[in-house]
>>> print(open('my_file29.csv').read())   # CSV, C-alpha atoms
chain,number,residue,atom,x,y,z
A,1,MET,CA,-10.5,11.4,20.8
A,2,ASP,CA,-12.5,14.5,20.0
A,3,LEU,CA,-16.1,13.5,21.0
A,4,ASP,CA,-17.5,16.6,19.2
A,5,ALA,CA,-15.8,15.8,15.9
A,6,ALA,CA,-18.2,15.1,13.1
A,7,ILE,CA,-18.2,11.5,11.8
A,8,ILE,CA,-19.3,12.5,8.3
A,9,GLU,CA,-17.6,15.5,6.7
A,10,PRO,CA,-18.6,17.1,3.3
A,11,ARG,CA,-16.0,16.3,0.7
A,12,LYS,CA,-15.4,16.4,-3.1
A,13,GLY,CA,-16.1,13.0,-4.5
A,14,ARG,CA,-14.3,11.3,-7.4
A,15,GLY,CA,-15.4,12.8,-10.7
A,16,GLU,CA,-17.2,15.7,-9.1
A,17,PRO,CA,-16.5,19.2,-10.6
A,18,ASP,CA,-14.4,21.9,-9.2
A,19,LEU,CA,-16.7,24.9,-8.8
A,20,PRO,CA,-15.9,28.6,-9.3
A,21,PRO,CA,-15.7,30.6,-6.1
A,22,SER,CA,-19.0,32.4,-6.8
A,23,ALA,CA,-22.2,30.4,-6.3
A,24,LEU,CA,-25.9,31.4,-6.2
A,25,LEU,CA,-28.4,29.4,-4.1
A,26,VAL,CA,-31.9,29.8,-5.5
A,27,PHE,CA,-34.8,28.6,-3.4
A,28,SER,CA,-37.7,28.4,-5.9
A,29,PRO,CA,-37.7,26.5,-9.2
A,30,GLU,CA,-39.3,29.5,-10.9
A,31,ASP,CA,-36.5,31.8,-9.9
A,32,LEU,CA,-33.9,29.2,-10.8
A,33,ASP,CA,-35.3,29.2,-14.3
A,34,LEU,CA,-35.0,33.0,-14.4
A,35,CYS,CA,-31.4,32.9,-13.3
A,36,LEU,CA,-30.4,30.3,-15.8
A,37,GLN,CA,-31.6,32.6,-18.6
A,38,HIS,CA,-28.9,35.0,-17.6
A,39,LEU,CA,-25.9,32.7,-18.0
A,40,ASP,CA,-23.7,33.6,-21.0
A,41,GLN,CA,-22.5,30.1,-21.6
A,42,SER,CA,-24.7,27.0,-22.3
A,43,GLN,CA,-25.7,25.6,-18.9
A,44,LYS,CA,-24.1,22.4,-17.9
A,45,HIS,CA,-26.2,20.2,-15.6
A,46,SER,CA,-23.5,18.7,-13.6
A,47,LYS,CA,-25.3,16.6,-11.0
A,48,HIS,CA,-28.1,16.4,-8.5
A,49,LEU,CA,-27.5,17.7,-5.0
A,50,TYR,CA,-30.0,16.4,-2.4
A,51,LEU,CA,-33.1,16.9,-4.5
A,52,SER,CA,-31.6,20.1,-6.0
A,53,ALA,CA,-29.7,20.6,-9.3
A,54,LEU,CA,-26.2,22.1,-9.9
A,55,TYR,CA,-25.5,24.2,-13.0
A,56,CYS,CA,-22.2,25.9,-14.1
A,57,GLY,CA,-21.9,28.7,-16.5
A,58,ALA,CA,-20.8,32.4,-16.7
A,59,PHE,CA,-22.5,35.7,-16.1
A,60,ARG,CA,-21.0,38.5,-18.1
A,61,GLY,CA,-17.7,36.7,-18.3
A,62,VAL,CA,-17.5,35.6,-14.7
A,63,ARG,CA,-17.8,31.9,-14.0
A,64,VAL,CA,-20.6,31.1,-11.5
A,65,ALA,CA,-22.4,28.0,-10.2
A,66,LEU,CA,-26.2,27.9,-9.6
A,67,SER,CA,-28.0,25.4,-7.4
A,68,GLY,CA,-31.6,24.9,-6.5
A,69,PRO,CA,-34.5,24.6,-5.8
A,70,LEU,CA,-34.2,24.5,-2.0
A,71,LEU,CA,-36.8,24.2,0.8
A,72,GLY,CA,-36.0,24.6,4.5
A,73,ALA,CA,-32.8,24.8,6.5
A,74,PRO,CA,-31.7,21.1,6.4
A,75,GLN,CA,-31.8,20.9,2.6
A,76,ALA,CA,-30.3,24.3,2.1
A,77,VAL,CA,-27.4,23.4,4.4
A,78,LEU,CA,-26.8,20.1,2.8
A,79,VAL,CA,-26.4,21.8,-0.6
A,80,LEU,CA,-24.3,24.7,0.9
A,81,GLU,CA,-21.9,22.2,2.5
A,82,LYS,CA,-21.4,20.4,-0.8
A,83,LEU,CA,-20.9,23.6,-2.7
A,84,ILE,CA,-18.2,24.6,-0.2
A,85,ALA,CA,-16.5,21.2,-0.5
A,86,LEU,CA,-16.5,21.7,-4.3
A,87,GLY,CA,-14.9,25.2,-4.1
A,88,ALA,CA,-17.6,27.8,-3.5
A,89,ARG,CA,-16.4,30.7,-1.3
A,90,ASN,CA,-18.7,33.6,-2.1
A,91,VAL,CA,-22.4,32.5,-2.0
A,92,MET,CA,-25.5,34.5,-2.6
A,93,ALA,CA,-29.0,33.2,-1.7
A,94,LEU,CA,-32.1,34.3,-3.5
A,95,GLY,CA,-35.6,33.5,-2.1
A,96,TRP,CA,-39.0,34.7,-0.9
A,97,CYS,CA,-40.3,35.8,2.4
A,98,GLY,CA,-43.5,36.8,4.3
A,99,SER,CA,-43.9,40.3,5.6
A,100,LEU,CA,-44.4,40.9,9.3
A,101,GLN,CA,-44.5,44.7,9.1
A,102,SER,CA,-47.2,46.8,7.5
A,103,HIS,CA,-44.7,49.0,5.6
A,104,VAL,CA,-43.2,45.8,3.9
A,105,THR,CA,-45.6,44.8,1.1
A,106,ILE,CA,-45.9,42.2,-1.6
A,107,GLY,CA,-43.3,42.8,-4.3
A,108,ASP,CA,-40.9,44.7,-2.0
A,109,VAL,CA,-37.3,43.5,-1.4
A,110,VAL,CA,-35.9,42.4,2.0
A,111,LEU,CA,-32.1,42.6,2.4
A,112,PRO,CA,-31.5,40.5,5.6
A,113,THR,CA,-28.8,41.9,7.9
A,114,ALA,CA,-29.4,39.2,10.6
A,115,ALA,CA,-31.6,36.1,11.1
A,116,THR,CA,-33.3,34.9,14.3
A,117,SER,CA,-33.2,31.1,14.4
A,118,ASP,CA,-36.3,29.1,15.1
A,119,GLU,CA,-35.0,26.1,13.2
A,120,GLY,CA,-33.1,23.0,14.3
A,121,THR,CA,-30.0,23.0,12.1
A,122,SER,CA,-28.0,26.0,13.4
A,123,LYS,CA,-27.5,24.6,16.9
A,124,HIS,CA,-25.4,21.8,15.5
A,125,TYR,CA,-22.8,24.3,14.2
A,126,PRO,CA,-20.9,26.0,17.1
A,127,THR,CA,-20.0,29.5,16.1
A,128,GLY,CA,-19.4,31.2,19.5
A,129,PRO,CA,-21.6,33.7,21.3
A,130,GLU,CA,-22.2,36.2,18.5
A,131,GLN,CA,-25.0,35.8,16.0
A,132,PRO,CA,-23.8,35.0,12.5
A,133,GLU,CA,-24.4,37.8,10.0
A,134,PRO,CA,-24.1,38.2,6.2
A,135,ALA,CA,-20.7,38.9,4.7
A,136,PRO,CA,-20.1,42.7,4.7
A,137,GLY,CA,-18.7,42.7,1.2
A,138,LEU,CA,-21.5,40.8,-0.4
A,139,ILE,CA,-24.3,42.7,1.3
A,140,GLN,CA,-22.6,46.0,0.3
A,141,ALA,CA,-22.5,44.7,-3.3
A,142,LEU,CA,-26.2,44.0,-3.0
A,143,ARG,CA,-27.0,47.5,-1.7
A,144,GLU,CA,-25.1,49.1,-4.5
A,145,THR,CA,-26.7,46.9,-7.2
A,146,LEU,CA,-30.2,47.4,-5.9
A,147,ARG,CA,-29.8,51.2,-5.6
A,148,ASP,CA,-31.9,53.2,-8.1
A,149,ARG,CA,-33.6,50.1,-9.5
A,150,HIS,CA,-37.1,51.3,-8.7
A,151,LEU,CA,-37.4,48.6,-6.0
A,152,ALA,CA,-38.6,49.2,-2.4
A,153,VAL,CA,-35.8,47.7,-0.4
A,154,HIS,CA,-35.9,47.1,3.4
A,155,GLN,CA,-32.9,46.1,5.5
A,156,GLY,CA,-33.1,44.3,8.8
A,157,THR,CA,-33.7,41.1,10.7
A,158,VAL,CA,-35.7,38.1,9.4
A,159,TRP,CA,-37.2,35.2,11.4
A,160,THR,CA,-36.2,31.7,10.2
A,161,THR,CA,-38.7,28.9,11.0
A,162,ASP,CA,-39.0,25.2,10.3
A,163,ALA,CA,-42.8,25.2,10.6
A,164,PRO,CA,-44.7,27.5,8.2
A,165,TYR,CA,-48.0,26.2,9.4
A,166,ARG,CA,-47.1,27.1,13.0
A,167,GLU,CA,-46.4,30.8,12.6
A,168,THR,CA,-48.7,31.7,15.5
A,169,VAL,CA,-50.3,35.0,16.5
A,170,ARG,CA,-48.1,35.1,19.6
A,171,GLN,CA,-44.9,34.7,17.6
A,172,VAL,CA,-45.9,37.2,14.9
A,173,LEU,CA,-46.8,39.8,17.5
A,174,ALA,CA,-43.6,39.3,19.4
A,175,PHE,CA,-41.4,39.5,16.3
A,176,GLN,CA,-43.3,42.6,15.1
A,177,LYS,CA,-42.5,44.3,18.4
A,178,GLN,CA,-38.8,43.5,17.9
A,179,GLY,CA,-38.9,45.1,14.5
A,180,VAL,CA,-38.3,41.8,12.6
A,181,LEU,CA,-39.2,42.4,9.0
A,182,ALA,CA,-40.2,39.0,7.6
A,183,VAL,CA,-40.3,35.3,8.0
A,184,GLU,CA,-38.6,32.6,5.8
A,185,MET,CA,-37.2,29.1,6.2
A,186,GLU,CA,-33.4,29.0,5.5
A,187,LEU,CA,-31.3,32.0,6.3
A,188,SER,CA,-30.3,31.6,10.0
A,189,ALA,CA,-28.9,28.2,9.1
A,190,LEU,CA,-27.1,29.4,6.0
A,191,PHE,CA,-25.5,32.4,7.9
A,192,THR,CA,-24.4,30.0,10.7
A,193,VAL,CA,-22.8,27.4,8.4
A,194,ALA,CA,-21.1,30.2,6.4
A,195,CYS,CA,-19.6,31.5,9.6
A,196,PHE,CA,-18.6,27.9,10.8
A,197,ARG,CA,-16.9,27.1,7.5
A,198,GLY,CA,-15.3,30.5,7.0
A,199,ILE,CA,-16.9,31.5,3.7
A,200,HIS,CA,-18.9,34.6,2.6
A,201,LEU,CA,-22.7,34.5,2.3
A,202,ALA,CA,-25.5,37.1,1.9
A,203,ALA,CA,-29.1,36.9,0.7
A,204,VAL,CA,-31.8,38.9,-0.9
A,205,LEU,CA,-35.6,38.1,-0.7
A,206,ALA,CA,-38.7,39.1,-2.6
A,207,VAL,CA,-41.8,39.6,-0.4
A,208,SER,CA,-44.3,37.0,-1.6
A,209,ASP,CA,-47.0,37.2,1.1
A,210,GLU,CA,-48.1,39.2,4.2
A,211,LEU,CA,-48.9,38.2,7.8
A,212,HIS,CA,-48.6,41.6,9.5
A,213,ASP,CA,-52.3,42.0,10.2
A,214,LEU,CA,-52.5,38.4,11.5
A,215,LYS,CA,-54.2,37.2,8.4
A,216,TRP,CA,-52.4,35.5,5.5
A,217,ARG,CA,-52.4,37.3,2.3
A,218,HIS,CA,-50.4,35.8,-0.6
A,219,GLY,CA,-49.2,37.5,-3.7
A,220,PHE,CA,-47.7,34.7,-5.7
A,221,THR,CA,-49.6,35.7,-8.8
A,222,HIS,CA,-49.3,39.5,-8.3
A,223,GLU,CA,-47.6,41.3,-11.2
A,224,ARG,CA,-45.5,43.4,-8.9
A,225,PHE,CA,-44.1,40.3,-7.2
A,226,ARG,CA,-43.4,38.7,-10.6
A,227,GLN,CA,-41.5,41.8,-11.8
A,228,THR,CA,-39.5,42.0,-8.6
A,229,ARG,CA,-38.4,38.4,-9.0
A,230,LYS,CA,-37.5,39.0,-12.6
A,231,LYS,CA,-35.2,41.9,-11.6
A,232,LEU,CA,-33.7,40.0,-8.6
A,233,ALA,CA,-32.7,37.1,-10.8
A,234,GLU,CA,-30.3,39.3,-12.8
A,235,LEU,CA,-29.3,41.7,-9.9
A,236,SER,CA,-28.4,38.9,-7.5
A,237,LEU,CA,-26.0,37.5,-10.2
A,238,GLN,CA,-24.7,41.0,-10.9
A,239,ALA,CA,-23.9,41.6,-7.2
A,240,LEU,CA,-22.4,38.2,-6.7
A,241,CYS,CA,-20.1,38.5,-9.7
A,242,SER,CA,-19.0,42.1,-8.8
A,243,VAL,CA,-17.2,41.0,-5.6
>>> encode(input="my_file29.csv", output="structure tokens")
Amino acid sequence: MDLDAAIIEPRKGRGEPDLPPSALLVFSPEDLDLCLQHLDQSQKHSKHLYLSALYCGAFRGVRVALSGPLLGAPQAVLVLEKLIALGARNVMALGWCGSLQSHVTIGDVVLPTAATSDEGTSKHYPTGPEQPEPAPGLIQALRETLRDRHLAVHQGTVWTTDAPYRETVRQVLAFQKQGVLAVEMELSALFTVACFRGIHLAAVLAVSDELHDLKWRHGFTHERFRQTRKKLAELSLQALCSV
């Protein structure tokens, strides 16, 4: 008996849809609405997924699945596991983050190349000694799609936390010194599960708030943030469907 074997495995249930290989995970309900506007076909609300919704459609002739909203690593992983069981193999994640560096400002774009785990989900997925990273093909597609789009794009590591109300001065200073660009709540777990399951995943984030001067400054209503989100809704789909 394998004592490390999981008792419950994600699987396709009776009557559940076969998904196309391309899927977009969208963290906020506002961005999910923006992405749905870009589907060529009428959206089909297939089912609920752990407090999220699943839609199937097409973007410029390419079949794609959209799922969201999502909050935190456990929910994001539950949804990702189900999408994989239904057939998703190339997954893009679209979300928001808080800046930890003074040169990364509200309305900028962060393209995560790694994620430092400060959440509890990743440790349950053994992936070996190397830190899971985004899929090279997907992140390159994002780079090319974001190029010359009049967006300030920063590439680097993000910090994933389960506790947004416990982002302490000590932690922010330590991550700043390491060059970590931003903080968010899902990506280290998503990268880990993608590695564990052998699928491709990358992410793009809009900077929604700033913590770099050890004060919280939010930009949820800023016009620049709104315009960045509007662009990323289309560009994330474009990058995903180009691979």
>>> closest_residue(input="my_file29.csv", among="A:Gly13, A:Pro29, A:Gly107, A:Gly98", to="A:Pro164", atoms="all atoms listed in the file")
A:Gly98
>>> residues_around(input="my_file29.csv", residues="A:Asp18", least_positions_apart="4", cutoff="10 Å", atoms="all atoms listed in the file", output="PyMOL selection string")
chain A and resi 12+83+85-88
>>> closest_atom_pairs(input="my_file29.csv", of="stretch 35-112 of chain A", to="stretch 20-28 of chain A", cutoff="12 Å", atoms="all atoms listed in the file", output="JSON lines")
{"residue": "A:Cys35", "atom": "CA", "partner": "A:Val26", "partner_atom": "CA", "distance": 8.4}
{"residue": "A:Leu36", "atom": "CA", "partner": "A:Val26", "partner_atom": "CA", "distance": 10.4}
{"residue": "A:Leu39", "atom": "CA", "partner": "A:Leu24", "partner_atom": "CA", "distance": 11.9}
{"residue": "A:Leu49", "atom": "CA", "partner": "A:Leu25", "partner_atom": "CA", "distance": 11.8}
{"residue": "A:Leu51", "atom": "CA", "partner": "A:Phe27", "partner_atom": "CA", "distance": 11.9}
{"residue": "A:Ser52", "atom": "CA", "partner": "A:Phe27", "partner_atom": "CA", "distance": 9.4}
{"residue": "A:Ala53", "atom": "CA", "partner": "A:Val26", "partner_atom": "CA", "distance": 10.2}
{"residue": "A:Leu54", "atom": "CA", "partner": "A:Leu25", "partner_atom": "CA", "distance": 9.6}
{"residue": "A:Tyr55", "atom": "CA", "partner": "A:Ala23", "partner_atom": "CA", "distance": 9.7}
{"residue": "A:Cys56", "atom": "CA", "partner": "A:Pro20", "partner_atom": "CA", "distance": 8.4}
{"residue": "A:Gly57", "atom": "CA", "partner": "A:Pro20", "partner_atom": "CA", "distance": 9.4}
{"residue": "A:Ala58", "atom": "CA", "partner": "A:Pro20", "partner_atom": "CA", "distance": 9.7}
{"residue": "A:Phe59", "atom": "CA", "partner": "A:Ser22", "partner_atom": "CA", "distance": 10.5}
{"residue": "A:Val62", "atom": "CA", "partner": "A:Ser22", "partner_atom": "CA", "distance": 8.7}
{"residue": "A:Arg63", "atom": "CA", "partner": "A:Pro20", "partner_atom": "CA", "distance": 6.0}
{"residue": "A:Val64", "atom": "CA", "partner": "A:Ser22", "partner_atom": "CA", "distance": 5.1}
{"residue": "A:Ala65", "atom": "CA", "partner": "A:Ala23", "partner_atom": "CA", "distance": 4.6}
{"residue": "A:Leu66", "atom": "CA", "partner": "A:Leu24", "partner_atom": "CA", "distance": 4.9}
{"residue": "A:Ser67", "atom": "CA", "partner": "A:Leu25", "partner_atom": "CA", "distance": 5.2}
{"residue": "A:Gly68", "atom": "CA", "partner": "A:Val26", "partner_atom": "CA", "distance": 5.0}
{"residue": "A:Pro69", "atom": "CA", "partner": "A:Phe27", "partner_atom": "CA", "distance": 4.7}
{"residue": "A:Leu70", "atom": "CA", "partner": "A:Phe27", "partner_atom": "CA", "distance": 4.4}
{"residue": "A:Leu71", "atom": "CA", "partner": "A:Phe27", "partner_atom": "CA", "distance": 6.4}
{"residue": "A:Gly72", "atom": "CA", "partner": "A:Phe27", "partner_atom": "CA", "distance": 8.9}
{"residue": "A:Ala73", "atom": "CA", "partner": "A:Phe27", "partner_atom": "CA", "distance": 10.8}
{"residue": "A:Gln75", "atom": "CA", "partner": "A:Phe27", "partner_atom": "CA", "distance": 10.2}
{"residue": "A:Ala76", "atom": "CA", "partner": "A:Leu25", "partner_atom": "CA", "distance": 8.2}
{"residue": "A:Val77", "atom": "CA", "partner": "A:Leu25", "partner_atom": "CA", "distance": 10.5}
{"residue": "A:Leu78", "atom": "CA", "partner": "A:Leu25", "partner_atom": "CA", "distance": 11.7}
{"residue": "A:Val79", "atom": "CA", "partner": "A:Leu25", "partner_atom": "CA", "distance": 8.6}
{"residue": "A:Leu80", "atom": "CA", "partner": "A:Leu25", "partner_atom": "CA", "distance": 8.0}
{"residue": "A:Glu81", "atom": "CA", "partner": "A:Leu25", "partner_atom": "CA", "distance": 11.7}
{"residue": "A:Lys82", "atom": "CA", "partner": "A:Ala23", "partner_atom": "CA", "distance": 11.4}
{"residue": "A:Leu83", "atom": "CA", "partner": "A:Ala23", "partner_atom": "CA", "distance": 7.8}
{"residue": "A:Ile84", "atom": "CA", "partner": "A:Pro21", "partner_atom": "CA", "distance": 8.8}
{"residue": "A:Ala85", "atom": "CA", "partner": "A:Pro21", "partner_atom": "CA", "distance": 11.0}
{"residue": "A:Leu86", "atom": "CA", "partner": "A:Pro20", "partner_atom": "CA", "distance": 8.5}
{"residue": "A:Gly87", "atom": "CA", "partner": "A:Pro21", "partner_atom": "CA", "distance": 5.8}
{"residue": "A:Ala88", "atom": "CA", "partner": "A:Pro21", "partner_atom": "CA", "distance": 4.3}
{"residue": "A:Arg89", "atom": "CA", "partner": "A:Pro21", "partner_atom": "CA", "distance": 4.9}
{"residue": "A:Asn90", "atom": "CA", "partner": "A:Ser22", "partner_atom": "CA", "distance": 4.9}
{"residue": "A:Val91", "atom": "CA", "partner": "A:Ala23", "partner_atom": "CA", "distance": 4.8}
{"residue": "A:Met92", "atom": "CA", "partner": "A:Leu24", "partner_atom": "CA", "distance": 4.8}
{"residue": "A:Ala93", "atom": "CA", "partner": "A:Leu25", "partner_atom": "CA", "distance": 4.5}
{"residue": "A:Leu94", "atom": "CA", "partner": "A:Val26", "partner_atom": "CA", "distance": 4.9}
{"residue": "A:Gly95", "atom": "CA", "partner": "A:Phe27", "partner_atom": "CA", "distance": 5.1}
{"residue": "A:Trp96", "atom": "CA", "partner": "A:Phe27", "partner_atom": "CA", "distance": 7.8}
{"residue": "A:Cys97", "atom": "CA", "partner": "A:Phe27", "partner_atom": "CA", "distance": 10.8}
>>> write_last_selection(input="my_file29.csv", atoms="C-alpha atoms", output="PDB file, in the coordinates of the input")
ATOM      1  CA  CYS A  35     -31.400  32.900 -13.300  1.00  0.00           C
ATOM      2  CA  LEU A  36     -30.400  30.300 -15.800  1.00  0.00           C
ATOM      3  CA  LEU A  39     -25.900  32.700 -18.000  1.00  0.00           C
ATOM      4  CA  LEU A  49     -27.500  17.700  -5.000  1.00  0.00           C
ATOM      5  CA  LEU A  51     -33.100  16.900  -4.500  1.00  0.00           C
ATOM      6  CA  SER A  52     -31.600  20.100  -6.000  1.00  0.00           C
ATOM      7  CA  ALA A  53     -29.700  20.600  -9.300  1.00  0.00           C
ATOM      8  CA  LEU A  54     -26.200  22.100  -9.900  1.00  0.00           C
ATOM      9  CA  TYR A  55     -25.500  24.200 -13.000  1.00  0.00           C
ATOM     10  CA  CYS A  56     -22.200  25.900 -14.100  1.00  0.00           C
ATOM     11  CA  GLY A  57     -21.900  28.700 -16.500  1.00  0.00           C
ATOM     12  CA  ALA A  58     -20.800  32.400 -16.700  1.00  0.00           C
ATOM     13  CA  PHE A  59     -22.500  35.700 -16.100  1.00  0.00           C
ATOM     14  CA  VAL A  62     -17.500  35.600 -14.700  1.00  0.00           C
ATOM     15  CA  ARG A  63     -17.800  31.900 -14.000  1.00  0.00           C
ATOM     16  CA  VAL A  64     -20.600  31.100 -11.500  1.00  0.00           C
ATOM     17  CA  ALA A  65     -22.400  28.000 -10.200  1.00  0.00           C
ATOM     18  CA  LEU A  66     -26.200  27.900  -9.600  1.00  0.00           C
ATOM     19  CA  SER A  67     -28.000  25.400  -7.400  1.00  0.00           C
ATOM     20  CA  GLY A  68     -31.600  24.900  -6.500  1.00  0.00           C
ATOM     21  CA  PRO A  69     -34.500  24.600  -5.800  1.00  0.00           C
ATOM     22  CA  LEU A  70     -34.200  24.500  -2.000  1.00  0.00           C
ATOM     23  CA  LEU A  71     -36.800  24.200   0.800  1.00  0.00           C
ATOM     24  CA  GLY A  72     -36.000  24.600   4.500  1.00  0.00           C
ATOM     25  CA  ALA A  73     -32.800  24.800   6.500  1.00  0.00           C
ATOM     26  CA  GLN A  75     -31.800  20.900   2.600  1.00  0.00           C
ATOM     27  CA  ALA A  76     -30.300  24.300   2.100  1.00  0.00           C
ATOM     28  CA  VAL A  77     -27.400  23.400   4.400  1.00  0.00           C
ATOM     29  CA  LEU A  78     -26.800  20.100   2.800  1.00  0.00           C
ATOM     30  CA  VAL A  79     -26.400  21.800  -0.600  1.00  0.00           C
ATOM     31  CA  LEU A  80     -24.300  24.700   0.900  1.00  0.00           C
ATOM     32  CA  GLU A  81     -21.900  22.200   2.500  1.00  0.00           C
ATOM     33  CA  LYS A  82     -21.400  20.400  -0.800  1.00  0.00           C
ATOM     34  CA  LEU A  83     -20.900  23.600  -2.700  1.00  0.00           C
ATOM     35  CA  ILE A  84     -18.200  24.600  -0.200  1.00  0.00           C
ATOM     36  CA  ALA A  85     -16.500  21.200  -0.500  1.00  0.00           C
ATOM     37  CA  LEU A  86     -16.500  21.700  -4.300  1.00  0.00           C
ATOM     38  CA  GLY A  87     -14.900  25.200  -4.100  1.00  0.00           C
ATOM     39  CA  ALA A  88     -17.600  27.800  -3.500  1.00  0.00           C
ATOM     40  CA  ARG A  89     -16.400  30.700  -1.300  1.00  0.00           C
ATOM     41  CA  ASN A  90     -18.700  33.600  -2.100  1.00  0.00           C
ATOM     42  CA  VAL A  91     -22.400  32.500  -2.000  1.00  0.00           C
ATOM     43  CA  MET A  92     -25.500  34.500  -2.600  1.00  0.00           C
ATOM     44  CA  ALA A  93     -29.000  33.200  -1.700  1.00  0.00           C
ATOM     45  CA  LEU A  94     -32.100  34.300  -3.500  1.00  0.00           C
ATOM     46  CA  GLY A  95     -35.600  33.500  -2.100  1.00  0.00           C
ATOM     47  CA  TRP A  96     -39.000  34.700  -0.900  1.00  0.00           C
ATOM     48  CA  CYS A  97     -40.300  35.800   2.400  1.00  0.00           C
TER      49      CYS A  97
END
>>> atom_distance(input="my_file29.csv", atom1="atom CA of A:Ser122", atom2="atom CA of A:Ser188")
6.9 Å
>>> atom_distance(input="my_file29.csv", atom1="atom CA of A:Trp216", atom2="atom CA of A:His103")
15.5 Å
>>> atom_distance(input="my_file29.csv", atom1="atom CA of A:Val183", atom2="atom CA of A:Glu223")
21.4 Å
>>> closest_residue(input="my_file29.csv", among="A:Leu138, A:Leu151, A:Leu214, A:Leu3", to="A:Val172", atoms="all atoms listed in the file")
A:Leu214
>>> residues_around(input="my_file29.csv", residues="A:Arg143", least_positions_apart="5", cutoff="9 Å", atoms="only C-alpha atoms", output="short mmCIF file (atom, residue, chain, number, x, y, z; two decimals) with C-alpha atoms, in the coordinates of the input")
data_model
loop_
_atom_site.label_atom_id
_atom_site.label_comp_id
_atom_site.auth_asym_id
_atom_site.auth_seq_id
_atom_site.Cartn_x
_atom_site.Cartn_y
_atom_site.Cartn_z
CA LEU A 111 -32.10 42.60 2.40
CA LEU A 138 -21.50 40.80 -0.40
CA VAL A 153 -35.80 47.70 -0.40
CA ALA A 239 -23.90 41.60 -7.20
#
>>> decode(input="my_file29.csv", residues="stretch 64-116 of chain A", atoms="C-alpha atoms", output="CSV table (one decimal), in the first residue's frame")
chain,number,residue,atom,x,y,z
A,64,VAL,CA,-11.3,28.2,-24.7
A,65,ALA,CA,-12.6,27.7,-21.2
A,66,LEU,CA,-12.9,30.5,-18.6
A,67,SER,CA,-13.3,30.0,-14.9
A,68,GLY,CA,-13.5,32.3,-11.9
A,69,PRO,CA,-13.7,34.2,-9.7
A,70,LEU,CA,-11.0,32.8,-7.4
A,71,LEU,CA,-9.7,33.9,-4.0
A,72,GLY,CA,-6.6,32.3,-2.4
A,73,ALA,CA,-4.5,29.2,-3.1
A,74,PRO,CA,-7.0,26.5,-1.8
A,75,GLN,CA,-9.9,27.6,-4.0
A,76,ALA,CA,-7.6,28.3,-7.0
A,77,VAL,CA,-6.1,24.8,-6.8
A,78,LEU,CA,-9.5,23.1,-6.4
A,79,VAL,CA,-10.6,24.8,-9.6
A,80,LEU,CA,-7.3,24.1,-11.5
A,81,GLU,CA,-7.4,20.4,-10.5
A,82,LYS,CA,-11.0,20.1,-11.9
A,83,LEU,CA,-10.1,21.9,-15.1
A,84,ILE,CA,-7.1,19.5,-15.6
A,85,ALA,CA,-9.4,16.5,-15.0
A,86,LEU,CA,-11.8,17.9,-17.7
A,87,GLY,CA,-9.0,18.3,-20.3
A,88,ALA,CA,-7.2,21.7,-19.7
A,89,ARG,CA,-3.5,21.5,-20.5
A,90,ASN,CA,-2.5,25.1,-21.2
A,91,VAL,CA,-3.7,27.4,-18.4
A,92,MET,CA,-3.3,31.2,-18.1
A,93,ALA,CA,-4.0,33.0,-14.8
A,94,LEU,CA,-5.1,36.6,-14.7
A,95,GLY,CA,-5.2,38.5,-11.4
A,96,TRP,CA,-4.1,41.5,-9.3
A,97,CYS,CA,-1.1,42.1,-7.0
A,98,GLY,CA,0.3,44.6,-4.5
A,99,SER,CA,3.6,46.2,-5.3
A,100,LEU,CA,6.6,45.8,-3.0
A,101,GLN,CA,9.0,47.9,-5.1
A,102,SER,CA,8.9,51.6,-5.6
A,103,HIS,CA,9.4,51.4,-9.4
A,104,VAL,CA,6.3,49.1,-9.6
A,105,THR,CA,3.2,51.3,-9.4
A,106,ILE,CA,-0.6,51.0,-9.6
A,107,GLY,CA,-1.6,50.2,-13.2
A,108,ASP,CA,1.6,48.5,-14.1
A,109,VAL,CA,1.8,44.8,-15.1
A,110,VAL,CA,3.8,42.1,-13.3
A,111,LEU,CA,4.8,39.0,-15.3
A,112,PRO,CA,5.7,36.4,-12.6
A,113,THR,CA,8.8,34.3,-13.4
A,114,ALA,CA,8.7,32.6,-10.0
A,115,ALA,CA,6.6,32.6,-6.8
A,116,THR,CA,7.8,32.3,-3.2
